[in-house]
file entry33.cif (mmCIF, C-alpha atoms)
data_entry
loop_
_atom_site.label_atom_id
_atom_site.label_comp_id
_atom_site.auth_asym_id
_atom_site.auth_seq_id
_atom_site.Cartn_x
_atom_site.Cartn_y
_atom_site.Cartn_z
CA MET A 1 -39.02 -62.84 33.95
CA ARG A 2 -36.88 -60.92 31.52
CA SER A 3 -35.46 -62.96 28.69
CA PHE A 4 -31.93 -62.62 27.50
CA GLN A 5 -32.70 -62.92 23.81
CA TYR A 6 -31.64 -59.31 23.60
CA LEU A 7 -28.01 -60.23 24.04
CA ALA A 8 -28.37 -59.86 20.26
CA PRO A 9 -27.92 -56.22 19.21
CA ILE A 10 -30.86 -53.84 19.29
CA PRO A 11 -32.30 -53.65 15.74
CA ALA A 12 -30.94 -50.65 13.86
CA PHE A 13 -32.88 -47.36 13.84
CA ASP A 14 -32.28 -43.81 12.71
CA TYR A 15 -31.34 -41.59 15.63
CA VAL A 16 -32.29 -37.93 15.54
CA ALA A 17 -31.51 -35.37 18.24
CA PRO A 18 -33.17 -32.05 17.34
CA LYS A 19 -31.40 -28.94 18.64
CA THR A 20 -34.45 -26.67 18.55
CA LEU A 21 -38.20 -27.08 19.06
CA SER A 22 -38.92 -26.19 15.44
CA GLU A 23 -36.45 -28.83 14.32
CA LEU A 24 -38.21 -31.26 16.65
CA PHE A 25 -41.67 -30.61 15.24
CA GLU A 26 -40.31 -30.78 11.70
CA THR A 27 -38.89 -34.21 12.54
CA LEU A 28 -42.15 -35.42 14.08
CA GLU A 29 -44.24 -34.17 11.13
CA GLY A 30 -45.66 -36.88 8.94
CA HIS A 31 -44.60 -39.77 11.18
CA GLY A 32 -46.71 -42.22 13.16
CA ARG A 33 -45.90 -45.33 15.12
CA GLU A 34 -42.59 -45.92 13.36
CA LEU A 35 -41.19 -42.95 15.27
CA GLN A 36 -40.47 -43.11 19.00
CA VAL A 37 -39.74 -40.02 21.10
CA MET A 38 -37.18 -40.54 23.88
CA ALA A 39 -36.90 -38.41 27.03
CA GLY A 40 -34.57 -39.97 29.62
CA GLY A 41 -34.70 -43.34 27.89
CA THR A 42 -34.84 -45.59 30.97
CA ASP A 43 -38.05 -47.30 29.80
CA LEU A 44 -37.26 -47.09 26.10
CA THR A 45 -33.84 -48.77 26.19
CA ILE A 46 -35.39 -51.80 27.90
CA ALA A 47 -38.29 -51.84 25.42
CA LEU A 48 -35.77 -51.72 22.55
CA LYS A 49 -33.83 -54.64 24.01
CA GLU A 50 -37.01 -56.63 24.61
CA ARG A 51 -38.29 -55.76 21.12
CA THR A 52 -41.57 -54.55 22.62
CA THR A 53 -40.85 -51.35 20.66
CA THR A 54 -39.17 -51.56 17.27
CA PRO A 55 -39.05 -48.00 15.95
CA GLN A 56 -37.44 -47.00 12.69
CA ILE A 57 -36.65 -43.58 14.12
CA VAL A 58 -35.75 -42.58 17.68
CA VAL A 59 -36.04 -38.87 18.44
CA ASP A 60 -33.96 -37.91 21.47
CA LEU A 61 -35.17 -34.79 23.31
CA GLY A 62 -31.85 -34.57 25.16
CA TRP A 63 -30.71 -31.34 23.51
CA LEU A 64 -33.94 -29.58 24.46
CA ARG A 65 -33.35 -29.64 28.22
CA LYS A 66 -33.41 -25.84 28.28
CA GLU A 67 -36.73 -25.57 26.44
CA LEU A 68 -38.42 -28.59 28.05
CA GLY A 69 -36.73 -28.79 31.45
CA GLY A 70 -36.56 -26.73 34.61
CA ILE A 71 -38.73 -26.30 37.68
CA ALA A 72 -40.12 -22.83 38.42
CA VAL A 73 -42.94 -21.00 40.17
CA GLU A 74 -44.64 -18.18 38.35
CA GLY A 75 -48.04 -16.57 38.76
CA GLY A 76 -49.21 -19.05 41.38
CA ILE A 77 -48.27 -22.06 39.25
CA LEU A 78 -45.52 -24.58 39.85
CA ARG A 79 -44.33 -25.52 36.39
CA ILE A 80 -42.20 -28.63 35.96
CA GLY A 81 -40.65 -29.15 32.55
CA ALA A 82 -41.21 -32.56 30.98
CA LEU A 83 -37.46 -33.22 30.99
CA ALA A 84 -37.06 -32.49 34.71
CA THR A 85 -35.55 -35.62 36.22
CA PHE A 86 -36.77 -37.42 39.33
CA SER A 87 -33.52 -36.38 41.05
CA GLN A 88 -34.24 -32.74 40.26
CA MET A 89 -37.77 -33.05 41.64
CA GLU A 90 -36.44 -34.86 44.71
CA VAL A 91 -34.26 -31.89 45.71
CA SER A 92 -36.29 -28.95 44.35
CA PRO A 93 -37.38 -26.53 47.12
CA PHE A 94 -40.42 -25.59 44.99
CA VAL A 95 -41.55 -29.19 44.72
CA ALA A 96 -40.97 -29.65 48.48
CA ARG A 97 -43.05 -26.56 49.25
CA TYR A 98 -45.99 -27.01 46.89
CA ALA A 99 -46.02 -30.67 45.96
CA ASN A 100 -44.79 -32.72 48.89
CA ALA A 101 -46.50 -35.86 47.58
CA LEU A 102 -44.60 -35.55 44.31
CA ARG A 103 -41.31 -35.06 46.15
CA GLN A 104 -41.94 -38.21 48.18
CA ALA A 105 -42.77 -40.21 45.06
CA ALA A 106 -39.79 -38.81 43.14
CA ALA A 107 -37.41 -39.84 45.93
CA ASN A 108 -38.74 -43.41 45.83
CA VAL A 109 -38.78 -44.06 42.11
CA GLY A 110 -36.24 -46.64 40.92
CA THR A 111 -32.73 -46.02 42.14
CA LEU A 112 -30.38 -43.04 42.28
CA GLN A 113 -29.07 -44.07 38.85
CA ILE A 114 -32.56 -44.17 37.35
CA ARG A 115 -33.77 -40.97 39.05
CA SER A 116 -30.72 -39.22 37.55
CA ILE A 117 -32.02 -39.65 34.00
CA ALA A 118 -35.68 -40.66 34.17
CA THR A 119 -37.97 -37.71 33.52
CA LEU A 120 -41.43 -36.62 34.61
CA GLY A 121 -42.62 -36.33 31.00
CA GLY A 122 -41.27 -39.77 30.19
CA ASN A 123 -42.95 -41.31 33.22
CA LEU A 124 -46.31 -39.88 32.13
CA ALA A 125 -45.90 -40.65 28.41
CA THR A 126 -44.94 -44.28 29.10
CA ALA A 127 -48.38 -44.45 30.77
CA SER A 128 -47.72 -47.34 33.11
CA PRO A 129 -50.66 -47.96 35.50
CA ALA A 130 -47.98 -47.95 38.23
CA ALA A 131 -46.36 -44.62 37.21
CA ASP A 132 -45.41 -43.22 40.59
CA SER A 133 -45.50 -39.56 39.55
CA ALA A 134 -49.16 -39.74 38.54
CA PRO A 135 -51.09 -40.17 41.81
CA PRO A 136 -49.40 -37.13 43.41
CA LEU A 137 -50.08 -35.02 40.32
CA ILE A 138 -53.72 -36.15 40.12
CA ALA A 139 -54.21 -35.47 43.84
CA LEU A 140 -52.71 -32.00 43.42
CA GLY A 141 -55.01 -31.20 40.50
CA ALA A 142 -52.14 -30.90 38.03
CA THR A 143 -52.47 -30.48 34.28
CA ALA A 144 -50.10 -31.52 31.51
CA THR A 145 -49.32 -29.33 28.52
CA PHE A 146 -49.19 -31.09 25.15
CA LEU A 147 -47.16 -29.19 22.59
CA SER A 148 -47.19 -29.61 18.82
CA ARG A 149 -46.36 -27.55 15.78
CA SER A 150 -49.92 -26.20 15.78
CA GLY A 151 -49.88 -25.11 19.42
CA LYS A 152 -50.64 -26.21 22.95
CA ARG A 153 -53.43 -28.02 24.69
CA THR A 154 -53.88 -28.62 28.36
CA VAL A 155 -55.22 -31.84 29.83
CA PRO A 156 -55.71 -32.99 33.43
CA VAL A 157 -52.93 -35.43 34.29
CA GLN A 158 -55.38 -38.35 34.53
CA GLY A 159 -56.29 -37.55 30.91
CA VAL A 160 -52.72 -38.29 29.79
CA PHE A 161 -53.43 -41.96 30.51
CA LYS A 162 -55.72 -43.84 28.12
CA GLY A 163 -54.92 -47.41 29.18
CA PRO A 164 -51.97 -49.55 30.19
CA LYS A 165 -48.99 -48.15 28.23
CA ARG A 166 -51.33 -45.98 26.14
CA ASN A 167 -51.11 -42.20 26.36
CA GLY A 168 -53.39 -39.54 24.98
CA LEU A 169 -50.75 -37.87 22.81
CA ARG A 170 -51.54 -37.44 19.13
CA PHE A 171 -48.86 -37.96 16.50
CA GLY A 172 -46.69 -34.85 16.39
CA GLU A 173 -47.37 -33.98 20.00
CA ILE A 174 -45.09 -34.17 23.02
CA ILE A 175 -45.61 -33.43 26.71
CA SER A 176 -43.80 -30.14 27.34
CA SER A 177 -44.58 -29.50 31.00
CA VAL A 178 -46.79 -30.17 33.99
CA GLU A 179 -48.52 -27.40 35.93
CA ILE A 180 -49.47 -27.63 39.60
CA PRO A 181 -51.36 -24.92 41.53
CA ALA A 182 -48.79 -23.39 43.94
CA ASN A 183 -50.89 -23.17 47.08
CA ASP A 184 -49.32 -22.98 50.54
CA GLU A 185 -52.56 -24.12 52.19
CA VAL A 186 -52.54 -27.48 50.49
CA CYS A 187 -50.79 -30.35 52.21
CA SER A 188 -50.14 -33.48 50.25
CA ALA A 189 -48.55 -36.83 50.88
CA TRP A 190 -47.79 -40.03 49.00
CA THR A 191 -47.01 -43.53 50.08
CA ARG A 192 -46.87 -46.94 48.56
CA ALA A 193 -46.68 -50.63 49.26
CA ALA A 194 -44.10 -52.69 47.42
CA VAL A 195 -42.38 -56.04 47.84
CA ARG A 196 -39.23 -54.27 49.05
CA ASN A 197 -38.24 -50.70 49.85
CA GLU A 198 -36.06 -49.78 46.90
CA ASN A 199 -35.80 -50.33 43.17
CA VAL A 200 -39.18 -51.94 42.67
CA LEU A 201 -42.50 -51.16 41.04
CA SER A 202 -45.25 -50.11 43.39
CA THR A 203 -47.81 -52.78 44.24
CA VAL A 204 -50.19 -49.97 45.23
CA SER A 205 -49.54 -46.26 45.58
CA VAL A 206 -51.78 -43.59 47.10
CA ALA A 207 -51.58 -39.81 47.19
CA VAL A 208 -53.82 -37.44 49.14
CA ALA A 209 -54.00 -33.65 48.86
CA SER A 210 -56.20 -31.52 51.05
CA THR A 211 -56.41 -28.51 53.31
CA VAL A 212 -57.29 -28.71 56.97
CA ALA A 213 -58.85 -25.69 58.69
CA ASP A 214 -61.21 -25.42 61.65
CA ARG A 215 -61.17 -29.18 61.98
CA ARG A 216 -62.61 -29.66 58.52
CA PHE A 217 -61.09 -30.86 55.28
CA GLY A 218 -61.25 -28.38 52.42
CA PRO A 219 -61.19 -29.44 48.76
CA SER A 220 -59.59 -32.90 48.79
CA ARG A 221 -58.40 -35.45 46.29
CA VAL A 222 -57.35 -39.04 46.77
CA ALA A 223 -55.51 -40.63 43.84
CA LEU A 224 -54.46 -44.23 43.34
CA GLY A 225 -51.77 -45.99 41.34
CA ALA A 226 -51.42 -49.61 40.19
CA VAL A 227 -55.03 -50.50 41.01
CA ALA A 228 -56.71 -49.78 37.66
CA PRO A 229 -55.73 -49.72 33.97
CA THR A 230 -54.46 -46.19 34.61
CA PRO A 231 -53.68 -44.11 37.69
CA ILE A 232 -57.05 -42.79 38.88
CA LEU A 233 -58.76 -40.13 40.92
CA ALA A 234 -60.65 -41.96 43.67
CA GLU A 235 -63.90 -40.10 43.07
CA LYS A 236 -66.11 -41.36 45.89
CA ALA A 237 -63.29 -41.02 48.41
CA SER A 238 -62.41 -37.51 47.23
CA ALA A 239 -66.04 -36.35 47.34
CA ALA A 240 -66.57 -37.81 50.81
CA MET A 241 -63.41 -36.18 52.16
CA THR A 242 -64.08 -32.72 50.73
CA GLY A 243 -65.74 -30.49 53.31
CA SER A 244 -66.03 -33.24 55.92
CA ALA A 245 -65.00 -33.28 59.57
CA ALA A 246 -61.26 -33.83 59.97
CA THR A 247 -61.47 -36.82 62.28
CA SER A 248 -60.00 -40.29 62.44
CA GLU A 249 -63.51 -41.76 61.91
CA GLN A 250 -63.73 -39.85 58.65
CA ALA A 251 -60.28 -41.14 57.66
CA GLU A 252 -61.71 -44.68 58.03
CA ARG A 253 -64.70 -43.83 55.88
CA VAL A 254 -62.66 -42.19 53.13
CA ALA A 255 -60.22 -45.12 53.15
CA ALA A 256 -63.09 -47.60 52.74
CA LEU A 257 -64.48 -45.58 49.83
CA ALA A 258 -61.03 -45.40 48.19
CA ALA A 259 -60.93 -49.20 48.26
CA GLU A 260 -64.31 -49.18 46.48
CA ASP A 261 -62.97 -46.74 43.90
CA ALA A 262 -60.04 -49.06 43.09
CA LYS A 263 -60.44 -51.52 40.21
CA PRO A 264 -57.41 -53.75 40.77
CA ILE A 265 -56.32 -56.88 38.98
CA SER A 266 -54.30 -59.83 40.24
CA ASP A 267 -50.81 -60.05 38.80
CA ILE A 268 -47.28 -61.09 39.67
CA ARG A 269 -47.01 -58.47 42.43
CA ALA A 270 -50.29 -58.97 44.31
CA SER A 271 -53.84 -60.26 44.15
CA ALA A 272 -56.71 -57.89 43.46
CA HIS A 273 -58.09 -58.60 46.93
CA TYR A 274 -54.82 -57.67 48.63
CA ARG A 275 -54.44 -54.55 46.50
CA ARG A 276 -57.89 -53.35 47.53
CA HIS A 277 -56.98 -53.94 51.15
CA LEU A 278 -53.72 -52.00 50.69
CA VAL A 279 -55.62 -49.04 49.21
CA SER A 280 -57.67 -48.65 52.37
CA VAL A 281 -54.68 -49.13 54.68
CA LEU A 282 -52.47 -46.64 52.85
CA THR A 283 -55.25 -44.07 52.41
CA ARG A 284 -56.14 -44.19 56.10
CA ARG A 285 -52.46 -43.93 57.01
CA LEU A 286 -51.94 -40.81 54.88
CA ILE A 287 -55.05 -39.05 56.20
CA LEU A 288 -54.24 -39.84 59.84
CA GLN A 289 -50.73 -38.53 59.28
CA MET A 290 -52.19 -35.35 57.76
CA LEU A 291 -54.45 -34.96 60.82
CA SER A 292 -51.60 -35.40 63.30
CA GLU A 293 -49.50 -32.84 61.45
CA SER A 294 -52.35 -30.32 61.27
CA VAL A 295 -52.91 -30.32 65.04
CA ALA A 296 -49.20 -30.14 65.84
CA PRO A 297 -48.17 -26.78 67.32
CA MET B 298 -23.10 -41.09 13.67
CA LYS B 299 -20.39 -38.88 15.06
CA VAL B 300 -20.37 -38.03 18.79
CA LYS B 301 -18.13 -35.62 20.64
CA PHE B 302 -17.99 -35.95 24.39
CA ARG B 303 -15.60 -35.94 27.33
CA LEU B 304 -14.52 -39.29 28.75
CA ASN B 305 -12.59 -39.16 32.01
CA GLY B 306 -11.51 -35.59 31.32
CA GLU B 307 -10.45 -36.04 27.71
CA THR B 308 -12.38 -34.90 24.68
CA ARG B 309 -13.21 -37.77 22.42
CA ILE B 310 -14.73 -37.82 18.95
CA ASP B 311 -16.03 -41.17 17.82
CA GLU B 312 -18.09 -42.71 15.07
CA ILE B 313 -20.75 -44.84 16.77
CA GLU B 314 -23.77 -46.95 15.91
CA PRO B 315 -26.89 -45.54 17.66
CA ASN B 316 -28.37 -48.98 18.41
CA GLN B 317 -26.02 -49.79 21.27
CA THR B 318 -26.04 -48.90 24.92
CA LEU B 319 -23.51 -46.64 26.55
CA CYS B 320 -22.48 -49.64 28.65
CA ASP B 321 -21.54 -51.72 25.61
CA TYR B 322 -19.84 -48.78 23.92
CA LEU B 323 -17.71 -47.89 26.96
CA HIS B 324 -16.69 -51.47 27.69
CA ASP B 325 -16.19 -52.80 24.17
CA ALA B 326 -15.18 -49.80 22.07
CA ALA B 327 -13.87 -47.05 24.35
CA GLY B 328 -11.60 -49.31 26.39
CA THR B 329 -13.05 -48.39 29.78
CA THR B 330 -13.47 -51.99 30.86
CA SER B 331 -14.33 -51.08 34.45
CA VAL B 332 -17.88 -50.62 33.12
CA LYS B 333 -19.46 -54.04 33.65
CA LYS B 334 -22.62 -55.41 32.12
CA GLY B 335 -24.59 -57.29 34.75
CA CYS B 336 -28.35 -57.42 34.34
CA ASP B 337 -28.56 -55.07 31.32
CA THR B 338 -31.91 -53.82 32.68
CA GLY B 339 -30.91 -51.08 35.13
CA GLU B 340 -31.30 -53.18 38.25
CA CYS B 341 -27.81 -54.20 39.35
CA GLY B 342 -25.69 -51.04 38.96
CA ALA B 343 -22.50 -52.78 37.77
CA CYS B 344 -22.44 -50.46 34.74
CA THR B 345 -22.82 -47.23 36.75
CA VAL B 346 -20.96 -44.20 35.36
CA LEU B 347 -21.27 -40.47 35.94
CA LEU B 348 -23.09 -38.64 33.15
CA ASP B 349 -22.80 -34.88 33.64
CA ASP B 350 -21.90 -35.64 37.26
CA MET B 351 -24.95 -37.80 38.00
CA PRO B 352 -24.70 -41.57 38.49
CA VAL B 353 -26.54 -43.47 35.75
CA THR B 354 -26.82 -47.11 34.78
CA SER B 355 -25.10 -46.96 31.40
CA CYS B 356 -27.11 -49.97 30.16
CA LEU B 357 -30.19 -47.69 30.17
CA VAL B 358 -28.49 -44.96 28.13
CA LEU B 359 -28.13 -45.15 24.38
CA ALA B 360 -24.57 -44.43 23.27
CA PRO B 361 -25.57 -41.42 21.09
CA GLN B 362 -27.13 -39.71 24.14
CA ILE B 363 -23.63 -38.78 25.36
CA ASP B 364 -23.04 -36.39 22.46
CA GLY B 365 -21.94 -33.07 23.98
CA ARG B 366 -21.86 -34.46 27.51
CA GLU B 367 -19.33 -35.57 30.11
CA VAL B 368 -18.80 -39.20 31.14
CA VAL B 369 -16.67 -40.39 34.05
CA THR B 370 -16.00 -44.08 34.76
CA ALA B 371 -14.17 -45.64 37.71
CA GLU B 372 -10.95 -45.23 35.68
CA GLY B 373 -11.48 -41.46 35.77
CA LEU B 374 -11.92 -41.22 39.53
CA GLY B 375 -8.41 -42.21 40.52
CA SER B 376 -5.44 -44.34 39.64
CA LYS B 377 -3.38 -46.97 41.39
CA SER B 378 -0.80 -44.38 42.45
CA SER B 379 -3.39 -41.74 43.26
CA PRO B 380 -6.68 -43.42 44.22
CA HIS B 381 -9.91 -41.61 45.00
CA PRO B 382 -10.49 -41.59 48.79
CA VAL B 383 -13.35 -44.07 48.33
CA GLN B 384 -11.11 -46.38 46.29
CA ARG B 385 -8.38 -46.10 48.94
CA GLU B 386 -10.80 -47.03 51.71
CA PHE B 387 -12.28 -49.93 49.73
CA VAL B 388 -8.82 -51.48 49.90
CA ALA B 389 -8.19 -50.50 53.51
CA GLN B 390 -11.60 -51.74 54.72
CA ASP B 391 -11.49 -54.94 52.66
CA ALA B 392 -14.75 -53.96 50.94
CA VAL B 393 -14.06 -56.02 47.83
CA GLN B 394 -14.60 -59.70 47.21
CA CYS B 395 -15.30 -60.95 43.68
CA GLY B 396 -15.04 -57.43 42.30
CA TYR B 397 -17.69 -57.41 39.58
CA CYS B 398 -19.91 -54.79 41.24
CA ILE B 399 -17.02 -52.72 42.54
CA PRO B 400 -16.39 -50.16 39.74
CA GLY B 401 -20.10 -49.26 39.66
CA MET B 402 -20.27 -49.25 43.44
CA ILE B 403 -17.23 -46.94 43.62
CA VAL B 404 -18.80 -44.54 41.12
CA THR B 405 -22.01 -44.31 43.14
CA LEU B 406 -20.22 -43.97 46.48
CA SER B 407 -17.81 -41.36 45.10
CA TRP B 408 -20.87 -39.33 44.07
CA ILE B 409 -22.34 -39.66 47.58
CA TYR B 410 -18.91 -38.70 48.95
CA GLU B 411 -18.87 -35.51 46.87
CA HIS B 412 -22.52 -34.49 47.05
CA VAL B 413 -24.01 -35.88 50.28
CA PRO B 414 -21.02 -35.88 52.64
CA GLY B 415 -23.10 -35.90 55.83
CA ALA B 416 -25.37 -38.75 54.74
CA SER B 417 -26.73 -40.95 57.53
CA ASP B 418 -26.39 -44.73 57.29
CA ALA B 419 -30.02 -44.96 56.20
CA GLU B 420 -29.51 -42.33 53.50
CA ILE B 421 -26.32 -44.03 52.26
CA LYS B 422 -28.20 -47.32 52.02
CA ARG B 423 -31.07 -45.67 50.15
CA LEU B 424 -28.70 -44.01 47.69
CA MET B 425 -26.66 -47.17 47.06
CA SER B 426 -29.72 -49.40 46.62
CA GLY B 427 -29.09 -49.41 42.87
CA ASN B 428 -25.77 -51.26 43.29
CA LEU B 429 -26.19 -54.93 44.08
CA CYS B 430 -23.36 -56.91 45.65
CA ARG B 431 -23.69 -60.65 46.22
CA CYS B 432 -20.47 -61.01 48.25
CA THR B 433 -19.90 -58.42 50.90
CA GLY B 434 -23.27 -57.77 52.47
CA TYR B 435 -22.69 -54.04 51.85
CA LEU B 436 -21.55 -53.13 55.36
CA PRO B 437 -17.79 -52.95 54.53
CA GLN B 438 -18.68 -50.66 51.64
CA VAL B 439 -20.74 -48.33 53.82
CA GLU B 440 -17.85 -48.30 56.29
CA ALA B 441 -15.38 -47.53 53.48
CA LEU B 442 -17.43 -44.53 52.38
CA LYS B 443 -17.69 -43.25 55.96
CA ALA B 444 -13.94 -43.73 56.50
CA ALA B 445 -13.25 -41.84 53.27
CA THR B 446 -15.50 -38.98 54.41
CA LYS B 447 -13.82 -38.90 57.82
CA GLY B 448 -10.33 -39.07 56.38
CA THR B 449 -10.53 -35.86 54.36
#

call {"tool": "encode", "arguments": {"input": "entry33.cif", "output": "structure tokens"}}
result
Amino acid sequence: MRSFQYLAPIPAFDYVAPKTLSELFETLEGHGRELQVMAGGTDLTIALKERTTTPQIVVDLGWLRKELGGIAVEGGILRIGALATFSQMEVSPFVARYANALRQAAANVGTLQIRSIATLGGNLATASPAADSAPPLIALGATATFLSRSGKRTVPVQGVFKGPKRNGLRFGEIISSVEIPANDEVCSAWTRAAVRNENVLSTVSVAVASTVADRRFGPSRVALGAVAPTPILAEKASAAMTGSAATSEQAERVAALAAEDAKPISDIRASAHYRRHLVSVLTRRLILQMLSESVAP
Amino acid sequence: MKVKFRLNGETRIDEIEPNQTLCDYLHDAAGTTSVKKGCDTGECGACTVLLDDMPVTSCLVLAPQIDGREVVTAEGLGSKSSPHPVQREFVAQDAVQCGYCIPGMIVTLSWIYEHVPGASDAEIKRLMSGNLCRCTGYLPQVEALKAATKGT
């Protein structure tokens, strides 16, 4: 339950909104935990009210939407800026074409009002085990670009997550964008189980990306959310699916392995046992759906 | 800090404290009292306003984030003598009971009216899921939006 102690004002902090990237990195320089970067702010404002974060400095990226936003395809890569909002991903034709799983997840996150401001970069940097953008990105083999004054580094999206609410960013670094291979052959899908349809954290989420040709699965990835300390690649399930016969029996087998790959805990939303069960149900459902679409005329 | 932004069509320059939400600023300092604080955690939608023409829960926005941007509250959508079509139909369809959720609800539905005019019932319900109403059961409000869309 949320407490209402925060009817008291949020403790004071210095607010900085850099207008250029160099101004941003200058601001970040020399600071550690006392500085908090803000993208859309939907998680941060609640953390400020709950006092789970008490920064001395808040750095708002809001003026850098041109540098850190946008959704584009170039050179076979779908690049989504860290400040792209869930609403923008929900309606982007590029995301629909190359990252259907991400589009489905984006359309289900929070509410219209939250999707309007919540960003992809913020969702990843907050590093919730239940971050809905992560399983689609992991399934699609996406990478995140970390930018700092000294340059860029690229990490697989699962590498952004180090533990519950712990990201792999170093001080002075921000997430600038996410890159997804733009491949028309790949079909991907996402689904979740939650206690209601809208405005709720996922109890379990699953994304699958694969190709189906000549009744066989090509390179495949199954990714899971809210069933481990971080979103994960379901390794046994992905390996078993890759190159296998595209049949409903195989969907069963992959789903069972995905449940083995999950490392769920029991919490307020579900027991570990039920979560594991949901992983297999949702994984099987996504693969069967993929099969029925691939044989359709 | 100093912010310059547009509120309901008028440019406004204000000295604000950064450690407050847009919801508190609009209701307590800017005089736009249609903006209601309900849950203060982005769940109920009573504080919904348009920020650069997108509906947002203003309790999840820090007041300084509006610098250089455009904010519209229910006051900016229409007036008593010249209501927005959605406001007009809320009255005609009796879509209001206690009223606390209504300004936020109107902001969201006016956005759907402008941007998703052909929305199905299911799509309307999905898009308005961020506005909770404990009185009406939502159906009169869906009907009001559809009547507004039909009427123009």

call {"tool": "interface_residues", "arguments": {"input": "entry33.cif", "of": "chain A", "to": "chain B", "cutoff": "10 Å", "atoms": "only C-alpha atoms", "output": "PDB file with C-alpha atoms, keeping the file's coordinate frame"}}
result
ATOM      1  CA  ARG A   2     -36.880 -60.920  31.520  1.00  0.00           C
ATOM      2  CA  PHE A   4     -31.930 -62.620  27.500  1.00  0.00           C
ATOM      3  CA  TYR A   6     -31.640 -59.310  23.600  1.00  0.00           C
ATOM      4  CA  LEU A   7     -28.010 -60.230  24.040  1.00  0.00           C
ATOM      5  CA  PRO A   9     -27.920 -56.220  19.210  1.00  0.00           C
ATOM      6  CA  ILE A  10     -30.860 -53.840  19.290  1.00  0.00           C
ATOM      7  CA  PRO A  11     -32.300 -53.650  15.740  1.00  0.00           C
ATOM      8  CA  ALA A  12     -30.940 -50.650  13.860  1.00  0.00           C
ATOM      9  CA  PHE A  13     -32.880 -47.360  13.840  1.00  0.00           C
ATOM     10  CA  ASP A  14     -32.280 -43.810  12.710  1.00  0.00           C
ATOM     11  CA  TYR A  15     -31.340 -41.590  15.630  1.00  0.00           C
ATOM     12  CA  VAL A  16     -32.290 -37.930  15.540  1.00  0.00           C
ATOM     13  CA  ALA A  17     -31.510 -35.370  18.240  1.00  0.00           C
ATOM     14  CA  GLY A  40     -34.570 -39.970  29.620  1.00  0.00           C
ATOM     15  CA  GLY A  41     -34.700 -43.340  27.890  1.00  0.00           C
ATOM     16  CA  THR A  42     -34.840 -45.590  30.970  1.00  0.00           C
ATOM     17  CA  ASP A  43     -38.050 -47.300  29.800  1.00  0.00           C
ATOM     18  CA  LEU A  44     -37.260 -47.090  26.100  1.00  0.00           C
ATOM     19  CA  THR A  45     -33.840 -48.770  26.190  1.00  0.00           C
ATOM     20  CA  ILE A  46     -35.390 -51.800  27.900  1.00  0.00           C
ATOM     21  CA  ALA A  47     -38.290 -51.840  25.420  1.00  0.00           C
ATOM     22  CA  LEU A  48     -35.770 -51.720  22.550  1.00  0.00           C
ATOM     23  CA  LYS A  49     -33.830 -54.640  24.010  1.00  0.00           C
ATOM     24  CA  GLU A  50     -37.010 -56.630  24.610  1.00  0.00           C
ATOM     25  CA  VAL A  58     -35.750 -42.580  17.680  1.00  0.00           C
ATOM     26  CA  ASP A  60     -33.960 -37.910  21.470  1.00  0.00           C
ATOM     27  CA  LEU A  61     -35.170 -34.790  23.310  1.00  0.00           C
ATOM     28  CA  GLY A  62     -31.850 -34.570  25.160  1.00  0.00           C
ATOM     29  CA  TRP A  63     -30.710 -31.340  23.510  1.00  0.00           C
ATOM     30  CA  SER A  87     -33.520 -36.380  41.050  1.00  0.00           C
ATOM     31  CA  ALA A 107     -37.410 -39.840  45.930  1.00  0.00           C
ATOM     32  CA  ASN A 108     -38.740 -43.410  45.830  1.00  0.00           C
ATOM     33  CA  GLY A 110     -36.240 -46.640  40.920  1.00  0.00           C
ATOM     34  CA  THR A 111     -32.730 -46.020  42.140  1.00  0.00           C
ATOM     35  CA  LEU A 112     -30.380 -43.040  42.280  1.00  0.00           C
ATOM     36  CA  GLN A 113     -29.070 -44.070  38.850  1.00  0.00           C
ATOM     37  CA  ILE A 114     -32.560 -44.170  37.350  1.00  0.00           C
ATOM     38  CA  ARG A 115     -33.770 -40.970  39.050  1.00  0.00           C
ATOM     39  CA  SER A 116     -30.720 -39.220  37.550  1.00  0.00           C
ATOM     40  CA  ILE A 117     -32.020 -39.650  34.000  1.00  0.00           C
ATOM     41  CA  ALA A 118     -35.680 -40.660  34.170  1.00  0.00           C
ATOM     42  CA  ASN A 197     -38.240 -50.700  49.850  1.00  0.00           C
ATOM     43  CA  GLU A 198     -36.060 -49.780  46.900  1.00  0.00           C
ATOM     44  CA  ASN A 199     -35.800 -50.330  43.170  1.00  0.00           C
ATOM     45  CA  VAL A 200     -39.180 -51.940  42.670  1.00  0.00           C
TER      46      VAL A 200
END

call {"tool": "resolve_selection", "arguments": {"input": "entry33.cif", "expression": "the PyMOL selection byres ((chain B and resi 447) around 12)", "output": "ChimeraX atom specification"}}
result
/B:382-383,386,410,414-416,440-446,448-449

call {"tool": "residues_around", "arguments": {"input": "entry33.cif", "residues": "Tyr397 of chain B", "least_positions_apart": "4", "cutoff": "9 Å", "atoms": "all atoms listed in the file", "output": "list in words"}}
result
Ser331, Lys333, Gly335, Ala343, Gly401 and Cys430 of chain B

call {"tool": "resolve_selection", "arguments": {"input": "entry33.cif", "expression": "the PyMOL selection byres ((chain A and resi 287) around 10)", "output": "PyMOL selection string"}}
result
chain A and resi 188-189+207-210+222+241+246-248+250-252+254-255+282-286+288-293

call {"tool": "resolve_selection", "arguments": {"input": "entry33.cif", "expression": "the PyMOL selection byres ((chain A and resi 213) around 10)", "output": "list in words"}}
result
Glu185, Ser210, Thr211, Val212, Asp214, Arg215, Arg216, Phe217, Gly218, Gly243, Ala245, Ala246, Ser294 and Val295 of chain A
